[in-house]
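Asks: To be precise about what I am sending: the file is called data-v4.cif and holds mmCIF, C-alpha atoms and all ligand atoms.
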```
data_coords
loop_
_atom_site.group_PDB
_atom_site.id
_atom_site.type_symbol
_atom_site.label_atom_id
_atom_site.label_comp_id
_atom_site.auth_asym_id
_atom_site.auth_seq_id
_atom_site.Cartn_x
_atom_site.Cartn_y
_atom_site.Cartn_z
ATOM 1 C CA MET B 284 139.188 72.947 71.209
ATOM 2 C CA ARG B 285 140.620 69.486 70.680
ATOM 3 C CA ARG B 286 138.082 66.680 70.340
ATOM 4 C CA VAL B 287 138.398 62.946 70.922
ATOM 5 C CA PHE B 288 136.289 60.546 68.837
ATOM 6 C CA ALA B 289 135.993 56.889 69.774
ATOM 7 C CA VAL B 290 135.350 54.191 67.166
ATOM 8 C CA VAL B 291 134.279 50.884 68.688
ATOM 9 C CA PRO B 292 133.892 47.731 66.579
ATOM 10 C CA ALA B 293 131.536 45.258 68.200
ATOM 11 C CA HIS B 294 130.239 41.976 66.836
ATOM 12 C CA ASN B 295 128.035 40.086 69.317
ATOM 13 C CA GLU B 296 129.456 41.887 72.359
ATOM 14 C CA SER B 297 126.216 42.200 74.316
ATOM 15 C CA PRO B 298 127.745 41.274 77.734
ATOM 16 C CA THR B 299 130.394 44.016 77.617
ATOM 17 C CA ILE B 300 129.386 46.772 75.204
ATOM 18 C CA ARG B 301 127.450 48.868 77.715
ATOM 19 C CA ASP B 302 130.408 48.995 80.121
ATOM 20 C CA THR B 303 132.783 49.793 77.265
ATOM 21 C CA VAL B 304 130.675 52.729 76.108
ATOM 22 C CA ARG B 305 130.114 54.067 79.615
ATOM 23 C CA ALA B 306 133.813 53.915 80.458
ATOM 24 C CA LEU B 307 134.724 55.796 77.292
ATOM 25 C CA TRP B 308 132.227 58.631 77.922
ATOM 26 C CA ASP B 309 134.481 59.765 80.778
ATOM 27 C CA PHE B 310 136.985 61.194 78.324
ATOM 28 C CA VAL B 311 135.738 61.114 74.742
ATOM 29 C CA ASP B 312 133.606 63.797 73.104
ATOM 30 C CA ASP B 313 131.746 61.616 70.667
ATOM 31 C CA MET B 314 131.550 57.944 69.919
ATOM 32 C CA VAL B 315 130.386 55.503 67.275
ATOM 33 C CA VAL B 316 129.830 51.795 67.797
ATOM 34 C CA VAL B 317 129.878 49.737 64.610
ATOM 35 C CA ALA B 318 127.864 46.597 65.131
ATOM 36 C CA ASP B 319 127.334 44.379 62.134
ATOM 37 C CA ALA B 320 125.226 41.285 61.734
ATOM 38 C CA CYS B 321 124.939 40.831 65.495
ATOM 39 C CA ARG B 322 122.687 38.036 66.669
ATOM 40 C CA ASP B 323 122.313 39.702 70.059
ATOM 41 C CA ASP B 324 121.309 43.134 71.369
ATOM 42 C CA THR B 325 124.760 44.765 71.109
ATOM 43 C CA ALA B 326 123.365 47.659 69.040
ATOM 44 C CA LYS B 327 120.473 48.327 71.440
ATOM 45 C CA ARG B 328 122.744 48.343 74.480
ATOM 46 C CA ALA B 329 125.278 50.648 72.835
ATOM 47 C CA GLN B 330 122.491 53.036 71.866
ATOM 48 C CA GLU B 331 121.065 53.000 75.398
ATOM 49 C CA ALA B 332 124.505 53.957 76.692
ATOM 50 C CA GLY B 333 124.434 56.994 74.417
ATOM 51 C CA ALA B 334 126.643 55.989 71.495
ATOM 52 C CA THR B 335 125.848 56.565 67.844
ATOM 53 C CA VAL B 336 125.389 53.092 66.400
ATOM 54 C CA LEU B 337 126.065 52.110 62.809
ATOM 55 C CA ILE B 338 124.817 48.786 61.579
ATOM 56 C CA ARG B 339 125.975 47.165 58.392
ATOM 57 C CA SER B 340 123.401 44.952 56.763
ATOM 58 C CA GLY B 341 125.671 41.969 56.095
ATOM 59 C CA ARG B 342 128.593 40.524 58.000
ATOM 60 C CA GLY B 343 131.686 42.530 57.201
ATOM 61 C CA ASP B 344 134.944 42.161 59.045
ATOM 62 C CA LYS B 345 136.835 44.203 61.586
ATOM 63 C CA ALA B 346 138.550 46.403 58.996
ATOM 64 C CA ARG B 347 135.264 47.210 57.243
ATOM 65 C CA ALA B 348 133.686 48.051 60.569
ATOM 66 C CA LEU B 349 136.550 50.435 61.374
ATOM 67 C CA ALA B 350 136.352 52.016 57.911
ATOM 68 C CA LEU B 351 132.667 52.704 58.429
ATOM 69 C CA GLY B 352 133.376 54.227 61.835
ATOM 70 C CA LEU B 353 136.203 56.355 60.441
ATOM 71 C CA ASN B 354 133.939 57.667 57.687
ATOM 72 C CA TRP B 355 131.566 58.741 60.411
ATOM 73 C CA VAL B 356 134.426 60.558 62.176
ATOM 74 C CA ALA B 357 135.351 62.299 58.917
ATOM 75 C CA ALA B 358 131.765 63.536 58.643
ATOM 76 C CA GLN B 359 132.174 65.298 62.022
ATOM 77 C CA SER B 360 134.829 67.562 60.403
ATOM 78 C CA PRO B 361 137.676 66.805 62.808
ATOM 79 C CA GLY B 362 140.616 69.182 63.155
ATOM 80 C CA ARG B 363 144.215 68.140 62.463
ATOM 81 C CA ASN B 364 145.020 67.634 66.126
ATOM 82 C CA ASP B 365 141.809 65.906 67.090
ATOM 83 C CA VAL B 366 142.258 62.316 68.232
ATOM 84 C CA VAL B 367 140.575 59.118 67.077
ATOM 85 C CA LEU B 368 140.506 56.342 69.624
ATOM 86 C CA LEU B 369 140.002 52.776 68.420
ATOM 87 C CA VAL B 370 138.830 50.485 71.204
ATOM 88 C CA ASP B 371 137.505 46.934 70.922
ATOM 89 C CA GLY B 372 133.928 46.530 72.087
ATOM 90 C CA ASP B 373 134.808 43.597 74.340
ATOM 91 C CA THR B 374 137.069 45.593 76.683
ATOM 92 C CA GLY B 375 134.215 46.509 79.033
ATOM 93 C CA ASP B 376 134.944 48.725 82.006
ATOM 94 C CA SER B 377 138.694 48.391 81.405
ATOM 95 C CA ALA B 378 138.221 50.713 78.393
ATOM 96 C CA ARG B 379 138.702 53.582 80.861
ATOM 97 C CA GLU B 380 142.454 52.839 80.731
ATOM 98 C CA ALA B 381 142.471 53.969 77.108
ATOM 99 C CA VAL B 382 142.671 57.541 78.378
ATOM 100 C CA LYS B 383 146.422 56.913 78.637
ATOM 101 C CA LEU B 384 146.567 56.406 74.881
ATOM 102 C CA VAL B 385 144.751 59.667 74.264
ATOM 103 C CA GLU B 386 147.091 61.473 76.662
ATOM 104 C CA ALA B 387 150.174 60.216 74.821
ATOM 105 C CA VAL B 388 148.880 61.725 71.564
ATOM 106 C CA VAL B 389 147.533 64.918 73.125
ATOM 107 C CA GLY B 390 150.832 65.362 74.978
ATOM 108 C CA GLY B 391 152.560 65.461 71.617
ATOM 109 C CA GLU B 392 154.939 62.531 72.177
ATOM 110 C CA ALA B 393 153.227 60.337 69.602
ATOM 111 C CA ASP B 394 151.020 60.467 66.524
ATOM 112 C CA MET B 395 149.763 57.000 67.344
ATOM 113 C CA ALA B 396 149.778 55.390 70.785
ATOM 114 C CA VAL B 397 149.202 51.629 70.876
ATOM 115 C CA GLY B 398 147.981 49.922 74.041
ATOM 116 C CA VAL B 399 150.088 47.100 75.457
ATOM 117 C CA LEU B 400 147.756 44.879 77.489
ATOM 118 C CA PRO B 401 148.911 42.658 80.354
ATOM 119 C CA PRO B 402 149.879 39.136 79.205
ATOM 120 C CA ALA B 403 146.838 36.946 78.565
ATOM 121 C CA GLY B 404 148.573 33.947 80.177
ATOM 122 C CA ARG B 405 146.544 30.767 79.899
ATOM 123 C CA HIS B 406 143.544 32.788 78.629
ATOM 124 C CA GLY B 407 145.365 33.494 75.401
ATOM 125 C CA GLY B 408 146.795 31.350 72.621
ATOM 126 C CA PHE B 409 150.429 30.389 72.162
ATOM 127 C CA GLY B 410 151.423 33.769 70.800
ATOM 128 C CA LEU B 411 152.404 32.483 67.361
ATOM 129 C CA VAL B 412 150.450 35.077 65.391
ATOM 130 C CA ALA B 413 151.763 37.851 67.625
ATOM 131 C CA ARG B 414 155.316 36.629 67.044
ATOM 132 C CA PHE B 415 154.755 36.519 63.314
ATOM 133 C CA ALA B 416 153.229 40.013 63.346
ATOM 134 C CA ARG B 417 156.194 41.302 65.369
ATOM 135 C CA TRP B 418 158.583 39.862 62.812
ATOM 136 C CA VAL B 419 156.622 41.445 59.941
ATOM 137 C CA LEU B 420 156.664 44.848 61.630
ATOM 138 C CA ARG B 421 160.377 44.635 62.396
ATOM 139 C CA ARG B 422 161.178 43.843 58.775
ATOM 140 C CA GLN B 423 158.934 46.542 57.397
ATOM 141 C CA THR B 424 159.412 49.355 59.894
ATOM 142 C CA GLY B 425 162.694 48.534 61.626
ATOM 143 C CA MET B 426 160.891 48.830 64.955
ATOM 144 C CA VAL B 427 160.181 46.202 67.594
ATOM 145 C CA PHE B 428 156.612 46.192 68.911
ATOM 146 C CA ARG B 429 155.471 44.418 72.045
ATOM 147 C CA ALA B 430 151.817 44.416 71.028
ATOM 148 C CA PRO B 431 151.733 44.296 67.213
ATOM 149 C CA LEU B 432 148.105 43.110 67.071
ATOM 150 C CA SER B 433 146.646 45.454 69.646
ATOM 151 C CA GLY B 434 143.368 47.027 68.543
ATOM 152 C CA GLN B 435 143.550 49.645 71.286
ATOM 153 C CA ARG B 436 145.093 52.731 69.738
ATOM 154 C CA ALA B 437 144.781 56.507 69.679
ATOM 155 C CA VAL B 438 145.718 58.266 66.450
ATOM 156 C CA ARG B 439 146.084 61.924 65.561
ATOM 157 C CA TRP B 440 143.577 62.837 62.872
ATOM 158 C CA SER B 441 146.187 64.433 60.604
ATOM 159 C CA ALA B 442 148.129 61.136 60.502
ATOM 160 C CA LEU B 443 145.094 58.897 60.149
ATOM 161 C CA HIS B 444 143.537 60.956 57.427
ATOM 162 C CA GLY B 445 146.683 60.521 55.329
ATOM 163 C CA LEU B 446 145.877 56.830 54.901
ATOM 164 C CA SER B 447 143.913 55.850 51.831
ATOM 165 C CA ALA B 448 143.044 52.231 52.693
ATOM 166 C CA LEU B 449 143.177 49.603 55.418
ATOM 167 C CA ALA B 450 144.380 46.016 55.340
ATOM 168 C CA GLY B 451 141.387 43.691 55.518
ATOM 169 C CA GLY B 452 140.003 41.735 58.450
ATOM 170 C CA PHE B 453 142.311 41.235 61.408
ATOM 171 C CA GLY B 454 145.330 42.479 59.428
ATOM 172 C CA VAL B 455 144.036 46.003 59.931
ATOM 173 C CA GLU B 456 146.291 46.872 62.879
ATOM 174 C CA VAL B 457 149.524 45.557 61.359
ATOM 175 C CA GLY B 458 148.754 47.314 58.067
ATOM 176 C CA MET B 459 147.984 50.580 59.835
ATOM 177 C CA THR B 460 151.230 50.489 61.808
ATOM 178 C CA ILE B 461 153.293 49.809 58.678
ATOM 179 C CA ASP B 462 151.597 52.576 56.702
ATOM 180 C CA LEU B 463 151.791 55.186 59.460
ATOM 181 C CA VAL B 464 155.467 54.535 60.270
ATOM 182 C CA ARG B 465 156.301 54.727 56.561
ATOM 183 C CA ALA B 466 154.448 58.027 56.357
ATOM 184 C CA GLY B 467 156.684 59.400 59.107
ATOM 185 C CA ALA B 468 154.276 59.137 62.041
ATOM 186 C CA ARG B 469 155.739 58.670 65.510
ATOM 187 C CA VAL B 470 154.337 55.481 67.019
ATOM 188 C CA GLN B 471 154.643 54.707 70.693
ATOM 189 C CA GLU B 472 153.473 51.785 72.809
ATOM 190 C CA VAL B 473 151.831 52.551 76.157
ATOM 191 C CA GLU B 474 150.997 50.052 78.879
ATOM 192 C CA VAL B 475 147.310 49.862 79.721
ATOM 193 C CA SER B 476 145.764 47.460 82.195
ATOM 194 C CA MET B 477 142.900 46.535 79.896
ATOM 195 C CA THR B 478 141.262 43.154 79.398
ATOM 196 C CA HIS B 479 139.012 41.702 76.716
ATOM 197 C CA ARG B 480 137.153 38.529 75.857
ATOM 198 C CA TYR B 481 139.843 36.031 74.952
ATOM 199 C CA THR B 482 139.043 33.202 72.582
ATOM 200 C CA GLY B 483 141.899 31.234 74.157
ATOM 201 C CA ARG B 484 142.900 27.670 73.365
ATOM 202 C CA SER B 485 139.538 26.494 72.077
ATOM 203 C CA TRP B 486 138.858 25.422 68.475
ATOM 204 C CA ARG B 487 137.166 28.762 67.970
ATOM 205 C CA GLY B 488 140.304 30.440 69.264
ATOM 206 C CA PHE B 489 142.609 28.516 66.950
ATOM 207 C CA LEU B 490 140.336 29.190 63.999
ATOM 208 C CA HIS B 491 140.269 32.884 64.879
ATOM 209 C CA ARG B 492 144.057 33.053 65.039
ATOM 210 C CA ALA B 493 144.511 31.075 61.826
ATOM 211 C CA ARG B 494 142.348 33.672 60.082
ATOM 212 C CA GLN B 495 144.211 36.469 61.869
ATOM 213 C CA GLY B 496 147.578 35.006 60.774
ATOM 214 C CA TRP B 497 146.391 34.853 57.174
ATOM 215 C CA HIS B 498 145.224 38.463 57.299
ATOM 216 C CA VAL B 499 148.548 39.583 58.806
ATOM 217 C CA LEU B 500 150.362 37.775 55.993
ATOM 218 C CA MET B 501 148.165 39.538 53.441
ATOM 219 C CA ALA B 502 148.809 42.890 55.155
ATOM 220 C CA SER B 503 152.555 42.188 55.062
ATOM 221 C CA VAL B 504 152.530 41.760 51.282
ATOM 222 C CA GLY B 505 150.728 45.058 50.845
ATOM 223 C CA TRP B 506 147.099 43.990 50.619
ATOM 224 C CA ARG B 507 144.943 47.011 51.467
ATOM 225 C CA GLY B 508 141.494 45.790 50.537
ATOM 226 C CA VAL B 509 139.346 48.324 52.375
ATOM 227 C CA ARG B 510 139.288 51.815 50.936
ATOM 228 C CA LEU B 511 138.923 54.675 53.359
ATOM 229 C CA TRP B 512 136.809 57.803 53.121
ATOM 230 C CA THR B 513 134.624 56.342 50.396
ATOM 231 C CA ASP B 514 133.167 52.985 51.371
ATOM 232 C CA GLY B 515 133.037 50.999 54.566
HETATM 233 N N1 LIG V 1 131.599 45.423 63.787
HETATM 234 C C1 LIG V 1 132.406 44.356 63.787
HETATM 235 N N2 LIG V 1 133.233 44.159 64.810
HETATM 236 C C2 LIG V 1 134.050 43.083 64.778
HETATM 237 C C3 LIG V 1 134.053 42.168 63.698
HETATM 238 N N3 LIG V 1 134.970 41.209 63.964
HETATM 239 C C4 LIG V 1 135.503 41.523 65.174
HETATM 240 N N4 LIG V 1 134.947 42.642 65.661
HETATM 241 C C5 LIG V 1 135.204 43.299 66.938
HETATM 242 O O1 LIG V 1 136.579 43.622 66.986
HETATM 243 C C6 LIG V 1 137.073 43.445 68.302
HETATM 244 C C7 LIG V 1 138.254 42.471 68.283
HETATM 245 O O2 LIG V 1 137.812 41.217 67.814
HETATM 246 P P1 LIG V 1 138.078 39.859 68.611
HETATM 247 O O3 LIG V 1 137.300 38.798 67.929
HETATM 248 O O4 LIG V 1 137.838 40.079 70.060
HETATM 249 O O5 LIG V 1 139.595 39.613 68.288
HETATM 250 P P2 LIG V 1 140.838 39.463 69.276
HETATM 251 O O6 LIG V 1 140.627 40.297 70.469
HETATM 252 O O7 LIG V 1 142.047 39.659 68.447
HETATM 253 O O8 LIG V 1 140.753 37.917 69.608
HETATM 254 P P3 LIG V 1 141.196 37.082 70.882
HETATM 255 O O9 LIG V 1 142.219 37.829 71.620
HETATM 256 O O10 LIG V 1 141.670 35.764 70.377
HETATM 257 O O11 LIG V 1 139.919 36.925 71.635
HETATM 258 C C8 LIG V 1 135.896 42.948 69.156
HETATM 259 O O12 LIG V 1 135.311 44.026 69.829
HETATM 260 C C9 LIG V 1 134.941 42.389 68.124
HETATM 261 O O13 LIG V 1 133.600 42.446 68.526
HETATM 262 C C10 LIG V 1 133.143 42.408 62.618
HETATM 263 O O14 LIG V 1 133.049 41.685 61.647
HETATM 264 N N5 LIG V 1 132.361 43.519 62.721
HETATM 265 MG MG MG V 2 139.021 40.344 71.874
#
```
Could I get this structure in the form of structure tokens?
Replies:
Amino acid sequence: MRRVFAVVPAHNESPTIRDTVRALWDFVDDMVVVADACRDDTAKRAQEAGATVLIRSGRGDKARALALGLNWVAAQSPGRNDVVLLVDGDTGDSAREAVKLVEAVVGGEADMAVGVLPPAGRHGGFGLVARFARWVLRRQTGMVFRAPLSGQRAVRWSALHGLSALAGGFGVEVGMTIDLVRAGARVQEVEVSMTHRYTGRSWRGFLHRARQGWHVLMASVGWRGVRLWTDG
């Protein structure tokens, strides 16, 4: 029987993590929340909602959190056609929409389905990093992506397991798309009406996107700083 494993990175997502986990239980078989260096009760809430919780001792980054979660999936001995669902911890109840991503992979149309969220509008930034990431992906894969930075994605285990490393930090999604397309995986974008906590046009938001832009640049020149299946 085909299984679906969710991997949820969550750093200080106490207000939303419980809803995220609950929404995902409707259609996933098992789930891990990776919560590192949280200053709130994210881990406790995720555990109460029934998820396995992994806690790194120090502050890592998003890619390291995903690597740790993927190692946990590998330890569950997934089959080739099992599906790994990556969903951000701050999506809350809207995480239930991610079932559409799983369906696209289970249906056989795609090896990776990437969620296209509704436009953030004034809640988001100016879209510069997304534009840059789109340009990088077009140059490196020949494909045009609407949501190059989306962290909401379902991936067939056989395709995912072929990767040996991830791009670091917030370059992880762009790096993964490049590597999977190059390996021959079929990638499809699917509209999902999900939301998340936007950092928006605050200083924190600009700082976040500056870091994200740097990580995307590093991913575009081939930086794959986080090894898979060994560390995390
Ligand atoms: N475990 C873990 N999770 C992280 C880390 N950094 C980010 N995350 C999680 O990864 C997901 C995406 O990170 P966000 O900071 O929301 O990034 P984003 O959605 O691109 O940013 P905005 O759209 O500008 O808000 C969230 O669920 C975060 O909690 C980290 O260092 N460790
Ligand atoms: Mg977010």
Asks: Could you list the protein, DNA and RNA residues that have any atom within 9 Å of ligand MG 2 (chain V), counting only C-alpha atoms and all ligand atoms, and write them as an MDAnalysis selection string?
Replies: chainID B and resid 371:374 434 478:482
Asks: For ligand LIG 1 (chain V), which residue among B:Leu353, B:Ala332, B:Val311, B:Ala346 is the nearest when counting only C-alpha atoms and all ligand atoms?
Replies: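 Under the stated criterion, the closest residue is B:Ala346.
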Asks: Under the rule of at most 9 Å, produce a per-residue listing of chain B near ligand LIG 1 (chain V): chain, number, name, the closest pair of atoms, and the distance in Å, as a Markdown table, using all atoms listed in the file.
Replies:
```
| residue | atom | partner | partner_atom | distance |
| --- | --- | --- | --- | --- |
| B:Val291 | CA | V:LIG1 | O12 | 7.0 |
| B:Pro292 | CA | V:LIG1 | N2 | 4.0 |
| B:Ala293 | CA | V:LIG1 | O13 | 3.5 |
| B:His294 | CA | V:LIG1 | O13 | 3.8 |
| B:Asn295 | CA | V:LIG1 | O13 | 6.1 |
| B:Glu296 | CA | V:LIG1 | O13 | 5.7 |
| B:Ile300 | CA | V:LIG1 | O12 | 8.5 |
| B:Val316 | CA | V:LIG1 | N1 | 7.7 |
| B:Val317 | CA | V:LIG1 | N1 | 4.7 |
| B:Ala318 | CA | V:LIG1 | N1 | 4.1 |
| B:Asp319 | CA | V:LIG1 | N1 | 4.7 |
| B:Ala320 | CA | V:LIG1 | N5 | 7.5 |
| B:Cys321 | CA | V:LIG1 | N1 | 8.3 |
| B:Leu337 | CA | V:LIG1 | N1 | 8.7 |
| B:Ile338 | CA | V:LIG1 | N1 | 7.9 |
| B:Arg339 | CA | V:LIG1 | N1 | 8.0 |
| B:Arg342 | CA | V:LIG1 | O14 | 5.9 |
| B:Gly343 | CA | V:LIG1 | O14 | 4.7 |
| B:Asp344 | CA | V:LIG1 | O14 | 3.3 |
| B:Lys345 | CA | V:LIG1 | C3 | 4.0 |
| B:Ala346 | CA | V:LIG1 | C10 | 7.6 |
| B:Arg347 | CA | V:LIG1 | N5 | 7.2 |
| B:Ala348 | CA | V:LIG1 | N1 | 4.6 |
| B:Leu349 | CA | V:LIG1 | N1 | 7.4 |
| B:Val370 | CA | V:LIG1 | O12 | 7.5 |
| B:Asp371 | CA | V:LIG1 | O12 | 3.8 |
| B:Gly372 | CA | V:LIG1 | O12 | 3.6 |
| B:Asp373 | CA | V:LIG1 | O12 | 4.6 |
| B:Thr374 | CA | V:LIG1 | O12 | 7.2 |
| B:Ala403 | CA | V:LIG1 | O9 | 8.4 |
| B:His406 | CA | V:LIG1 | O9 | 8.7 |
| B:Gly407 | CA | V:LIG1 | O9 | 6.6 |
| B:Gly408 | CA | V:LIG1 | O10 | 7.1 |
| B:Leu432 | CA | V:LIG1 | O7 | 7.1 |
| B:Ser433 | CA | V:LIG1 | O7 | 7.5 |
| B:Gly434 | CA | V:LIG1 | C7 | 6.9 |
| B:Gly452 | CA | V:LIG1 | N3 | 7.5 |
| B:Phe453 | CA | V:LIG1 | O7 | 7.2 |
| B:His479 | CA | V:LIG1 | O6 | 6.6 |
| B:Arg480 | CA | V:LIG1 | O11 | 5.3 |
| B:Tyr481 | CA | V:LIG1 | O11 | 3.4 |
| B:Thr482 | CA | V:LIG1 | O11 | 3.9 |
| B:Gly483 | CA | V:LIG1 | O10 | 5.9 |
| B:Arg484 | CA | V:LIG1 | O10 | 8.7 |
| B:Arg487 | CA | V:LIG1 | O10 | 8.7 |
| B:Gly488 | CA | V:LIG1 | O10 | 5.6 |
| B:Phe489 | CA | V:LIG1 | O10 | 8.1 |
| B:His491 | CA | V:LIG1 | O10 | 6.4 |
| B:Arg492 | CA | V:LIG1 | O10 | 6.4 |
| B:Gln495 | CA | V:LIG1 | O7 | 7.6 |
```
Asks: Using the chain letters and residue numbers of this document, give as number ranges by chain the residues selected by the PyMOL selection byres (((chain B and resi 354) around 12) and not hetatm).
Replies: B: 288, 290, 315, 317, 337, 347-353, 355-361, 367, 443-444, 447-448, 510-515
Asks: Give me the residues near stretch 455-461 of chain B as a list of chain:residue names, where near means some atom within 8 Å (using all atoms listed in the file) and where sequence neighbours in that chain fewer than 4 positions away do not count.
Replies: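 So the residues in contact are B:Lys345, B:Ala346, B:Ala416, B:Leu420, B:Gln423, B:Thr424, B:Pro431, B:Leu432, B:Ser433, B:Gly434, B:Leu449, B:Ala450, B:Gly451, B:Arg465, B:Val470, B:Val499, B:Ala502, B:Ser503, B:Gly505, B:Arg507.
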Asks: Can you list what the PyMOL selection byres (((chain B and resi 377-386) around 6) and not hetatm) grabs from this structure, as a VMD selection string?
Replies: chain B and resid 303 306 to 307 374 to 376 387 to 390 396 437 475 477
Asks: If I take atom CA of B:Phe409 and atom CA of B:Arg494, how far is one from the other in Å, to one decimal?
Replies: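 Here the two named atoms are 14.9 Å from each other.
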Asks: Atom CA of B:Asp309 and atom CA of B:Gln330, how far apart in Å?
Replies: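 According to the coordinates, atom CA of B:Gln330 and atom CA of B:Asp309 are separated by 16.4 Å.
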Asks: Got a sec: who's within 9 Å of B:Gly496, counting only C-alpha atoms, leaving out chain neighbours fewer than 6 positions off, as a short mmCIF file (atom, residue, chain, number, x, y, z; two decimals) with C-alpha atoms, in the frame of the given file?
Replies:
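This went into selection-v3.cif:
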```cif
data_model
loop_
_atom_site.label_atom_id
_atom_site.label_comp_id
_atom_site.auth_asym_id
_atom_site.auth_seq_id
_atom_site.Cartn_x
_atom_site.Cartn_y
_atom_site.Cartn_z
CA LEU B 411 152.40 32.48 67.36
CA VAL B 412 150.45 35.08 65.39
CA ALA B 413 151.76 37.85 67.62
CA PHE B 415 154.76 36.52 63.31
CA ALA B 416 153.23 40.01 63.35
CA PHE B 453 142.31 41.24 61.41
CA GLY B 454 145.33 42.48 59.43
#
```
Asks: Give as a ChimeraX atom specification the residues that the PyMOL selection byres (((chain B and resi 393) around 6) and not hetatm) matches when applied to the coordinates above.
Replies: /B:388,391-392,394-395,469-471
Asks: For B:Val336, which of B:Val399, B:Ala430, B:Asp365, B:Asp313 is the closest residue, counting all atoms listed in the file?
Replies: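 Using all atoms listed in the file, the shortest distance to B:Val336 belongs to B:Asp313.
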Asks: Would you compute the distance between atom CA of B:Ala442 and atom CA of B:Trp506? Give it in Å to one decimal.
Replies: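 Interatomic distance, atom CA of B:Ala442 to atom CA of B:Trp506: 19.8 Å.
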Asks: Counting only C-alpha atoms, which residue out of B:Ala326, B:Ser340, B:Ser485, B:Ser441 sits closest to B:Arg405?
Replies: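 Looking only at the distances to B:Arg405, the closest residue turns out to be B:Ser485.
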Asks: Could stretch 404-422 of chain B be completed with N, CA and C atoms and returned as an mmCIF file, in the coordinates of the input?
Replies:
```
data_model
loop_
_atom_site.group_PDB
_atom_site.id
_atom_site.type_symbol
_atom_site.label_atom_id
_atom_site.label_comp_id
_atom_site.auth_asym_id
_atom_site.auth_seq_id
_atom_site.Cartn_x
_atom_site.Cartn_y
_atom_site.Cartn_z
ATOM 1 N N GLY B 404 148.285 35.192 79.449
ATOM 2 C CA GLY B 404 148.573 33.947 80.177
ATOM 3 C C GLY B 404 147.820 32.787 79.580
ATOM 4 N N ARG B 405 147.228 31.962 80.425
ATOM 5 C CA ARG B 405 146.544 30.767 79.899
ATOM 6 C C ARG B 405 145.215 31.104 79.224
ATOM 7 N N HIS B 406 144.773 32.383 79.331
ATOM 8 C CA HIS B 406 143.544 32.788 78.629
ATOM 9 C C HIS B 406 143.797 33.000 77.143
ATOM 10 N N GLY B 407 145.053 33.183 76.790
ATOM 11 C CA GLY B 407 145.365 33.494 75.401
ATOM 12 C C GLY B 407 145.761 32.253 74.625
ATOM 13 N N GLY B 408 146.313 32.469 73.426
ATOM 14 C CA GLY B 408 146.795 31.350 72.621
ATOM 15 C C GLY B 408 148.264 31.111 72.943
ATOM 16 N N PHE B 409 149.008 30.648 71.934
ATOM 17 C CA PHE B 409 150.429 30.389 72.162
ATOM 18 C C PHE B 409 151.309 31.545 71.681
ATOM 19 N N GLY B 410 150.672 32.570 71.194
ATOM 20 C CA GLY B 410 151.423 33.769 70.800
ATOM 21 C C GLY B 410 152.113 33.675 69.446
ATOM 22 N N LEU B 411 151.720 32.665 68.647
ATOM 23 C CA LEU B 411 152.404 32.483 67.361
ATOM 24 C C LEU B 411 152.101 33.623 66.389
ATOM 25 N N VAL B 412 150.822 34.017 66.327
ATOM 26 C CA VAL B 412 150.450 35.077 65.391
ATOM 27 C C VAL B 412 151.094 36.396 65.818
ATOM 28 N N ALA B 413 151.133 36.624 67.132
ATOM 29 C CA ALA B 413 151.763 37.851 67.625
ATOM 30 C C ALA B 413 153.253 37.864 67.256
ATOM 31 N N ARG B 414 153.886 36.701 67.379
ATOM 32 C CA ARG B 414 155.316 36.629 67.044
ATOM 33 C C ARG B 414 155.545 36.899 65.552
ATOM 34 N N PHE B 415 154.661 36.308 64.759
ATOM 35 C CA PHE B 415 154.755 36.519 63.314
ATOM 36 C C PHE B 415 154.547 38.005 62.980
ATOM 37 N N ALA B 416 153.530 38.599 63.612
ATOM 38 C CA ALA B 416 153.229 40.013 63.346
ATOM 39 C C ALA B 416 154.399 40.908 63.776
ATOM 40 N N ARG B 417 155.042 40.535 64.871
ATOM 41 C CA ARG B 417 156.194 41.302 65.369
ATOM 42 C C ARG B 417 157.330 41.253 64.344
ATOM 43 N N TRP B 418 157.529 40.058 63.815
ATOM 44 C CA TRP B 418 158.583 39.862 62.812
ATOM 45 C C TRP B 418 158.287 40.698 61.551
ATOM 46 N N VAL B 419 157.024 40.665 61.115
ATOM 47 C CA VAL B 419 156.622 41.445 59.941
ATOM 48 C C VAL B 419 156.903 42.934 60.183
ATOM 49 N N LEU B 420 156.500 43.415 61.351
ATOM 50 C CA LEU B 420 156.664 44.848 61.630
ATOM 51 C C LEU B 420 158.141 45.221 61.727
ATOM 52 N N ARG B 421 158.951 44.315 62.283
ATOM 53 C CA ARG B 421 160.377 44.635 62.396
ATOM 54 C C ARG B 421 161.007 44.739 61.010
ATOM 55 N N ARG B 422 160.636 43.807 60.144
ATOM 56 C CA ARG B 422 161.178 43.843 58.775
ATOM 57 C C ARG B 422 160.735 45.088 58.015
#
```
